[in-house]
$ cat my_file37.tsv   # TSV, N, CA and C atoms
chain	number	residue	atom	x	y	z
B	1	MET	N	-133.69	-40.10	88.65
B	1	MET	CA	-133.63	-38.91	89.47
B	1	MET	C	-133.33	-39.35	90.90
B	2	ALA	N	-132.30	-38.82	91.47
B	2	ALA	CA	-131.96	-39.12	92.86
B	2	ALA	C	-132.55	-38.05	93.76
B	3	VAL	N	-132.99	-38.46	94.91
B	3	VAL	CA	-133.54	-37.50	95.87
B	3	VAL	C	-132.91	-37.77	97.23
B	4	GLU	N	-132.88	-36.76	98.03
B	4	GLU	CA	-132.32	-36.90	99.37
B	4	GLU	C	-133.40	-36.80	100.41
B	5	LYS	N	-133.18	-37.45	101.53
B	5	LYS	CA	-134.14	-37.43	102.62
B	5	LYS	C	-134.20	-36.04	103.22
B	6	LYS	N	-135.41	-35.54	103.39
B	6	LYS	CA	-135.59	-34.24	104.03
B	6	LYS	C	-136.10	-34.43	105.46
B	7	GLU	N	-137.04	-35.34	105.62
B	7	GLU	CA	-137.57	-35.65	106.95
B	7	GLU	C	-137.38	-37.14	107.21
B	8	ASN	N	-137.30	-37.50	108.46
B	8	ASN	CA	-137.05	-38.89	108.84
B	8	ASN	C	-138.22	-39.79	108.49
B	9	PHE	N	-137.90	-40.92	107.91
B	9	PHE	CA	-138.88	-41.98	107.68
B	9	PHE	C	-138.71	-42.95	108.84
B	10	LYS	N	-139.70	-43.01	109.71
B	10	LYS	CA	-139.52	-43.72	110.98
B	10	LYS	C	-139.35	-45.22	110.83
B	11	GLY	N	-139.64	-45.79	109.68
B	11	GLY	CA	-139.50	-47.23	109.50
B	11	GLY	C	-138.11	-47.67	109.06
B	12	MET	N	-137.23	-46.75	108.71
B	12	MET	CA	-135.95	-47.15	108.12
B	12	MET	C	-135.07	-47.94	109.07
B	13	GLU	N	-135.14	-47.70	110.35
B	13	GLU	CA	-134.28	-48.44	111.26
B	13	GLU	C	-134.65	-49.92	111.31
B	14	LYS	N	-135.81	-50.28	110.80
B	14	LYS	CA	-136.25	-51.66	110.82
B	14	LYS	C	-135.89	-52.40	109.54
B	15	LEU	N	-135.27	-51.75	108.58
B	15	LEU	CA	-135.06	-52.35	107.27
B	15	LEU	C	-134.28	-53.65	107.33
B	16	GLU	N	-133.21	-53.70	108.10
B	16	GLU	CA	-132.41	-54.91	108.13
B	16	GLU	C	-133.06	-56.01	108.97
B	17	GLU	N	-134.04	-55.69	109.79
B	17	GLU	CA	-134.62	-56.65	110.71
B	17	GLU	C	-135.80	-57.43	110.14
B	18	GLU	N	-136.44	-56.91	109.11
B	18	GLU	CA	-137.65	-57.53	108.61
B	18	GLU	C	-137.43	-58.06	107.21
B	19	GLU	N	-138.24	-59.04	106.80
B	19	GLU	CA	-138.11	-59.62	105.48
B	19	GLU	C	-138.93	-58.89	104.43
B	20	GLY	N	-139.71	-57.97	104.81
B	20	GLY	CA	-140.59	-57.27	103.89
B	20	GLY	C	-141.88	-57.03	104.61
B	21	GLY	N	-142.57	-56.02	104.27
B	21	GLY	CA	-143.80	-55.81	105.00
B	21	GLY	C	-144.58	-54.64	104.48
B	22	PHE	N	-145.63	-54.39	105.16
B	22	PHE	CA	-146.55	-53.35	104.74
B	22	PHE	C	-146.56	-52.22	105.75
B	23	ALA	N	-146.69	-51.03	105.24
B	23	ALA	CA	-146.96	-49.88	106.09
B	23	ALA	C	-148.45	-49.61	105.93
B	24	TYR	N	-149.12	-49.35	107.00
B	24	TYR	CA	-150.55	-49.14	106.92
B	24	TYR	C	-150.86	-47.65	106.83
B	25	GLU	N	-152.01	-47.33	106.27
B	25	GLU	CA	-152.38	-45.96	105.97
B	25	GLU	C	-152.07	-45.02	107.13
B	26	GLY	N	-151.34	-43.97	106.82
B	26	GLY	CA	-151.01	-42.95	107.81
B	26	GLY	C	-149.87	-43.34	108.73
B	27	GLU	N	-149.35	-44.57	108.61
B	27	GLU	CA	-148.31	-45.03	109.53
B	27	GLU	C	-146.95	-44.46	109.18
B	28	ASP	N	-146.58	-44.46	107.92
B	28	ASP	CA	-145.27	-43.99	107.51
B	28	ASP	C	-145.40	-43.00	106.37
B	29	SER	N	-144.70	-41.91	106.51
B	29	SER	CA	-144.66	-40.93	105.44
B	29	SER	C	-143.21	-40.54	105.22
B	30	LEU	N	-142.96	-39.99	104.07
B	30	LEU	CA	-141.59	-39.65	103.68
B	30	LEU	C	-141.64	-38.36	102.89
B	31	THR	N	-140.80	-37.41	103.24
B	31	THR	CA	-140.68	-36.18	102.48
B	31	THR	C	-139.27	-36.12	101.92
B	32	LEU	N	-139.19	-35.95	100.62
B	32	LEU	CA	-137.90	-35.93	99.94
B	32	LEU	C	-137.75	-34.61	99.20
B	33	GLU	N	-136.50	-34.25	98.96
B	33	GLU	CA	-136.22	-33.04	98.18
B	33	GLU	C	-135.32	-33.42	97.03
B	34	SER	N	-135.73	-33.06	95.81
B	34	SER	CA	-134.93	-33.38	94.63
B	34	SER	C	-133.75	-32.41	94.53
B	35	ALA	N	-132.84	-32.71	93.62
B	35	ALA	CA	-131.66	-31.87	93.44
B	35	ALA	C	-132.04	-30.45	93.03
B	36	ASP	N	-133.19	-30.29	92.36
B	36	ASP	CA	-133.61	-28.95	91.94
B	36	ASP	C	-134.50	-28.27	92.98
B	37	GLY	N	-134.61	-28.85	94.18
B	37	GLY	CA	-135.33	-28.21	95.28
B	37	GLY	C	-136.80	-28.54	95.36
B	38	GLU	N	-137.31	-29.39	94.47
B	38	GLU	CA	-138.72	-29.77	94.52
B	38	GLU	C	-138.97	-30.71	95.70
B	39	THR	N	-140.00	-30.42	96.49
B	39	THR	CA	-140.35	-31.27	97.63
B	39	THR	C	-141.38	-32.29	97.19
B	40	LEU	N	-141.11	-33.54	97.49
B	40	LEU	CA	-142.00	-34.64	97.16
B	40	LEU	C	-142.42	-35.32	98.46
B	41	GLU	N	-143.73	-35.48	98.66
B	41	GLU	CA	-144.24	-36.13	99.85
B	41	GLU	C	-144.89	-37.45	99.46
B	42	PHE	N	-144.63	-38.48	100.27
B	42	PHE	CA	-145.12	-39.81	99.97
B	42	PHE	C	-145.75	-40.45	101.19
B	43	GLU	N	-146.76	-41.27	100.95
B	43	GLU	CA	-147.25	-42.23	101.94
B	43	GLU	C	-146.62	-43.55	101.56
B	44	VAL	N	-145.87	-44.16	102.46
B	44	VAL	CA	-145.19	-45.41	102.18
B	44	VAL	C	-146.20	-46.55	102.32
B	45	VAL	N	-146.37	-47.31	101.25
B	45	VAL	CA	-147.32	-48.41	101.21
B	45	VAL	C	-146.67	-49.70	101.67
B	46	ALA	N	-145.43	-49.94	101.23
B	46	ALA	CA	-144.76	-51.20	101.57
B	46	ALA	C	-143.25	-51.05	101.44
B	47	THR	N	-142.55	-51.87	102.19
B	47	THR	CA	-141.11	-52.03	102.06
B	47	THR	C	-140.90	-53.40	101.44
B	48	ILE	N	-140.19	-53.46	100.33
B	48	ILE	CA	-139.99	-54.70	99.59
B	48	ILE	C	-138.50	-54.98	99.50
B	49	TYR	N	-138.12	-56.22	99.81
B	49	TYR	CA	-136.73	-56.66	99.72
B	49	TYR	C	-136.61	-57.56	98.51
B	50	LEU	N	-135.79	-57.17	97.56
B	50	LEU	CA	-135.61	-57.91	96.32
B	50	LEU	C	-134.13	-58.13	96.12
B	51	TYR	N	-133.74	-59.39	96.24
B	51	TYR	CA	-132.33	-59.75	96.19
B	51	TYR	C	-131.60	-58.98	97.29
B	52	ASP	N	-130.59	-58.21	96.97
B	52	ASP	CA	-129.86	-57.48	98.00
B	52	ASP	C	-130.29	-56.02	98.11
B	53	ASP	N	-131.37	-55.66	97.42
B	53	ASP	CA	-131.82	-54.28	97.41
B	53	ASP	C	-133.13	-54.11	98.19
B	54	THR	N	-133.34	-52.90	98.64
B	54	THR	CA	-134.57	-52.55	99.37
B	54	THR	C	-135.29	-51.47	98.58
B	55	TYR	N	-136.60	-51.65	98.48
B	55	TYR	CA	-137.44	-50.71	97.74
B	55	TYR	C	-138.62	-50.30	98.59
B	56	LEU	N	-139.11	-49.10	98.34
B	56	LEU	CA	-140.35	-48.64	98.94
B	56	LEU	C	-141.36	-48.49	97.82
B	57	ILE	N	-142.57	-48.96	98.07
B	57	ILE	CA	-143.68	-48.61	97.20
B	57	ILE	C	-144.34	-47.44	97.90
B	58	ALA	N	-144.38	-46.31	97.20
B	58	ALA	CA	-144.82	-45.07	97.84
B	58	ALA	C	-145.80	-44.32	96.95
B	59	HIS	N	-146.83	-43.81	97.59
B	59	HIS	CA	-147.86	-43.03	96.90
B	59	HIS	C	-147.57	-41.55	97.09
B	60	PRO	N	-147.32	-40.81	96.00
B	60	PRO	CA	-147.09	-39.37	96.13
B	60	PRO	C	-148.37	-38.67	96.61
B	61	THR	N	-148.24	-37.83	97.62
B	61	THR	CA	-149.42	-37.18	98.19
B	61	THR	C	-149.53	-35.71	97.82
B	62	ASN	N	-148.50	-35.13	97.23
B	62	ASN	CA	-148.57	-33.70	96.92
B	62	ASN	C	-148.46	-33.39	95.43
B	63	LEU	N	-148.76	-34.37	94.58
B	63	LEU	CA	-148.77	-34.15	93.14
B	63	LEU	C	-150.20	-34.21	92.64
B	64	ASP	N	-150.64	-33.20	91.93
B	64	ASP	CA	-152.03	-33.10	91.50
B	64	ASP	C	-152.43	-34.16	90.48
B	65	ASP	N	-151.52	-34.58	89.63
B	65	ASP	CA	-151.88	-35.48	88.54
B	65	ASP	C	-151.72	-36.97	88.88
B	66	VAL	N	-151.58	-37.31	90.15
B	66	VAL	CA	-151.42	-38.70	90.57
B	66	VAL	C	-152.74	-39.20	91.13
B	67	LYS	N	-153.20	-40.33	90.59
B	67	LYS	CA	-154.46	-40.92	91.06
B	67	LYS	C	-154.25	-41.63	92.39
B	68	GLU	N	-155.34	-41.87	93.10
B	68	GLU	CA	-155.28	-42.48	94.43
B	68	GLU	C	-154.65	-43.87	94.42
B	69	ASP	N	-154.80	-44.62	93.32
B	69	ASP	CA	-154.28	-45.98	93.27
B	69	ASP	C	-152.92	-46.07	92.57
B	70	GLU	N	-152.26	-44.95	92.32
B	70	GLU	CA	-150.95	-44.95	91.68
B	70	GLU	C	-149.85	-44.86	92.73
B	71	ALA	N	-148.73	-45.50	92.42
B	71	ALA	CA	-147.60	-45.49	93.35
B	71	ALA	C	-146.30	-45.52	92.55
B	72	MET	N	-145.22	-45.13	93.22
B	72	MET	CA	-143.89	-45.14	92.64
B	72	MET	C	-143.04	-46.14	93.41
B	73	VAL	N	-142.00	-46.61	92.76
B	73	VAL	CA	-141.04	-47.48	93.41
B	73	VAL	C	-139.77	-46.67	93.65
B	74	LEU	N	-139.35	-46.62	94.91
B	74	LEU	CA	-138.12	-45.92	95.29
B	74	LEU	C	-137.11	-46.95	95.78
B	75	GLN	N	-135.91	-46.91	95.25
B	75	GLN	CA	-134.86	-47.77	95.76
B	75	GLN	C	-134.21	-47.07	96.95
B	76	VAL	N	-134.03	-47.81	98.03
B	76	VAL	CA	-133.38	-47.27	99.22
B	76	VAL	C	-131.88	-47.56	99.10
B	77	VAL	N	-131.10	-46.52	99.20
B	77	VAL	CA	-129.65	-46.66	99.10
B	77	VAL	C	-129.05	-46.23	100.43
B	78	LYS	N	-128.36	-47.16	101.10
B	78	LYS	CA	-127.72	-46.84	102.37
B	78	LYS	C	-126.30	-46.36	102.11
B	79	GLU	N	-125.99	-45.19	102.63
B	79	GLU	CA	-124.66	-44.60	102.48
B	79	GLU	C	-124.13	-44.29	103.86
B	80	GLY	N	-123.37	-45.23	104.42
B	80	GLY	CA	-122.91	-45.09	105.80
B	80	GLY	C	-124.09	-45.20	106.73
B	81	GLU	N	-124.33	-44.17	107.51
B	81	GLU	CA	-125.47	-44.14	108.44
B	81	GLU	C	-126.71	-43.50	107.82
B	82	ASP	N	-126.55	-42.94	106.63
B	82	ASP	CA	-127.64	-42.21	105.99
B	82	ASP	C	-128.28	-43.03	104.89
B	83	TYR	N	-129.49	-42.63	104.54
B	83	TYR	CA	-130.22	-43.25	103.45
B	83	TYR	C	-130.53	-42.20	102.39
B	84	SER	N	-130.47	-42.62	101.15
B	84	SER	CA	-130.97	-41.78	100.07
B	84	SER	C	-131.92	-42.65	99.26
B	85	TYR	N	-132.66	-42.03	98.38
B	85	TYR	CA	-133.71	-42.73	97.65
B	85	TYR	C	-133.58	-42.39	96.18
B	86	ARG	N	-133.79	-43.40	95.34
B	86	ARG	CA	-133.71	-43.21	93.90
B	86	ARG	C	-135.02	-43.69	93.30
B	87	ILE	N	-135.66	-42.85	92.50
B	87	ILE	CA	-136.88	-43.28	91.83
B	87	ILE	C	-136.50	-44.32	90.80
B	88	GLU	N	-137.06	-45.51	90.93
B	88	GLU	CA	-136.73	-46.62	90.03
B	88	GLU	C	-137.36	-46.37	88.68
B	89	THR	N	-136.57	-46.52	87.61
B	89	THR	CA	-137.06	-46.31	86.26
B	89	THR	C	-136.99	-47.58	85.41
B	90	ASP	N	-136.35	-48.63	85.91
B	90	ASP	CA	-136.24	-49.88	85.16
B	90	ASP	C	-137.56	-50.64	85.28
B	91	ASN	N	-138.28	-50.77	84.16
B	91	ASN	CA	-139.60	-51.41	84.18
B	91	ASN	C	-139.57	-52.84	84.67
B	92	ASP	N	-138.49	-53.57	84.39
B	92	ASP	CA	-138.38	-54.95	84.87
B	92	ASP	C	-138.30	-54.99	86.39
B	93	VAL	N	-137.51	-54.10	86.96
B	93	VAL	CA	-137.39	-54.03	88.42
B	93	VAL	C	-138.73	-53.61	89.03
B	94	ILE	N	-139.37	-52.63	88.43
B	94	ILE	CA	-140.67	-52.17	88.93
B	94	ILE	C	-141.67	-53.32	88.94
B	95	ARG	N	-141.72	-54.09	87.85
B	95	ARG	CA	-142.63	-55.24	87.79
B	95	ARG	C	-142.31	-56.27	88.89
B	96	MET	N	-141.02	-56.53	89.10
B	96	MET	CA	-140.64	-57.51	90.13
B	96	MET	C	-141.01	-57.01	91.52
B	97	VAL	N	-140.82	-55.73	91.79
B	97	VAL	CA	-141.17	-55.16	93.10
B	97	VAL	C	-142.68	-55.28	93.33
B	98	PHE	N	-143.49	-54.91	92.33
B	98	PHE	CA	-144.93	-55.01	92.50
B	98	PHE	C	-145.39	-56.46	92.60
B	99	GLN	N	-144.74	-57.37	91.88
B	99	GLN	CA	-145.11	-58.78	92.00
B	99	GLN	C	-144.83	-59.29	93.42
B	100	GLU	N	-143.70	-58.90	93.97
B	100	GLU	CA	-143.38	-59.28	95.35
B	100	GLU	C	-144.41	-58.70	96.31
B	101	TYR	N	-144.82	-57.46	96.06
B	101	TYR	CA	-145.86	-56.82	96.88
B	101	TYR	C	-147.16	-57.62	96.81
B	102	TYR	N	-147.58	-57.97	95.60
B	102	TYR	CA	-148.83	-58.74	95.44
B	102	TYR	C	-148.73	-60.09	96.14
B	103	ASP	N	-147.57	-60.73	96.02
B	103	ASP	CA	-147.37	-62.03	96.69
B	103	ASP	C	-147.46	-61.88	98.21
B	104	LEU	N	-146.81	-60.85	98.76
B	104	LEU	CA	-146.88	-60.60	100.20
B	104	LEU	C	-148.30	-60.27	100.63
B	105	TYR	N	-149.00	-59.49	99.82
B	105	TYR	CA	-150.38	-59.12	100.13
B	105	TYR	C	-151.27	-60.36	100.18
B	106	GLU	N	-151.13	-61.23	99.19
B	106	GLU	CA	-151.92	-62.46	99.17
B	106	GLU	C	-151.58	-63.34	100.37
B	107	LYS	N	-150.31	-63.46	100.70
B	107	LYS	CA	-149.89	-64.26	101.84
B	107	LYS	C	-150.47	-63.70	103.14
B	108	GLN	N	-150.42	-62.38	103.30
B	108	GLN	CA	-150.96	-61.75	104.51
B	108	GLN	C	-152.47	-61.99	104.61
B	109	ASN	N	-153.18	-61.84	103.50
B	109	ASN	CA	-154.63	-62.07	103.51
B	109	ASN	C	-154.97	-63.51	103.82
B	110	LYS	N	-154.19	-64.45	103.29
B	110	LYS	CA	-154.42	-65.86	103.56
B	110	LYS	C	-154.22	-66.16	105.04
B	111	GLU	N	-153.15	-65.59	105.62
B	111	GLU	CA	-152.88	-65.80	107.05
B	111	GLU	C	-154.01	-65.24	107.90
B	112	GLU	N	-154.53	-64.07	107.52
B	112	GLU	CA	-155.65	-63.47	108.27
B	112	GLU	C	-156.90	-64.32	108.13
B	113	ASP	N	-157.15	-64.86	106.94
B	113	ASP	CA	-158.31	-65.72	106.73
B	113	ASP	C	-158.18	-67.01	107.52
B	114	ASP	N	-156.95	-67.54	107.62
B	114	ASP	CA	-156.74	-68.78	108.37
B	114	ASP	C	-156.99	-68.59	109.88
B	115	LYS	N	-156.81	-67.36	110.36
B	115	LYS	CA	-157.04	-67.08	111.79
B	115	LYS	C	-158.52	-67.01	112.14
B	116	LYS	N	-159.35	-66.82	111.12
B	116	LYS	CA	-160.79	-66.68	111.38
B	116	LYS	C	-161.46	-67.99	111.62

$ encode --input "my_file37.tsv" --output "structure tokens"
Amino acid sequence: MAVEKKENFKGMEKLEEEEGGFAYEGEDSLTLESADGETLEFEVVATIYLYDDTYLIAHPTNLDDVKEDEAMVLQVVKEGEDYSYRIETDNDVIRMVFQEYYDLYEKQNKEEDDKK
């Protein structure tokens, strides 16, 4: 399912500048509209760079049947100056994105522990 950006995601201008990173609670949100007009709201958890593609790990905030610890993987597609988002359905890609997230999370925690 492809969706189009409805409201600006303020972190997108940083996509080419960073190697991957985390969005912290309440820092980045994204509102998308599907082709059938359904509005989807997300809290962006992380931006993940996998090979030549960019993905967002995003927690849906306006769906009743989504648990607090569940998230979706959205592929970021740049089209000229605009961005569109595709809900990733390939389980292998989803696993790789989450593995990269876990690796980044562990690295970040180790760096914070080393500073103490």

$ atom_distance --input "my_file37.tsv" --atom1 "atom N of Glu33 of chain B" --atom2 "atom CA of Ile87 of chain B"
11.5 Å

$ atom_distance --input "my_file37.tsv" --atom1 "atom CA of Thr61 of chain B" --atom2 "atom CA of Leu30 of chain B"
9.9 Å

$ atom_distance --input "my_file37.tsv" --atom1 "atom CA of Tyr101 of chain B" --atom2 "atom CA of Gly80 of chain B"
27.3 Å

$ closest_residue --input "my_file37.tsv" --among "B:Leu74, B:Leu63, B:Leu56, B:Val93" --to "Leu40 of chain B" --atoms "only C-alpha atoms"
B:Leu63

$ closest_atom_pairs --input "my_file37.tsv" --of "segment 70-111 of chain B" --to "segment 43-51 of chain B" --cutoff "8 Å" --atoms "only N, CA and C atoms" --output "JSON lines"
{"residue": "B:Met96", "atom": "C", "partner": "B:Leu50", "partner_atom": "CA", "distance": 7.3}
{"residue": "B:Val97", "atom": "CA", "partner": "B:Ile48", "partner_atom": "CA", "distance": 6.6}
{"residue": "B:Glu100", "atom": "C", "partner": "B:Ile48", "partner_atom": "CA", "distance": 6.8}
{"residue": "B:Tyr101", "atom": "N", "partner": "B:Ile48", "partner_atom": "CA", "distance": 6.6}

$ axis_aligned_box --input "my_file37.tsv" --around "segment 85-99 of chain B" --padding-each-side "4 Å" --output "AutoDock Vina command-line options"
--center_x -139.0 --center_y -50.7 --center_z 91.3 --size_x 20.7 --size_y 25.3 --size_z 22.2
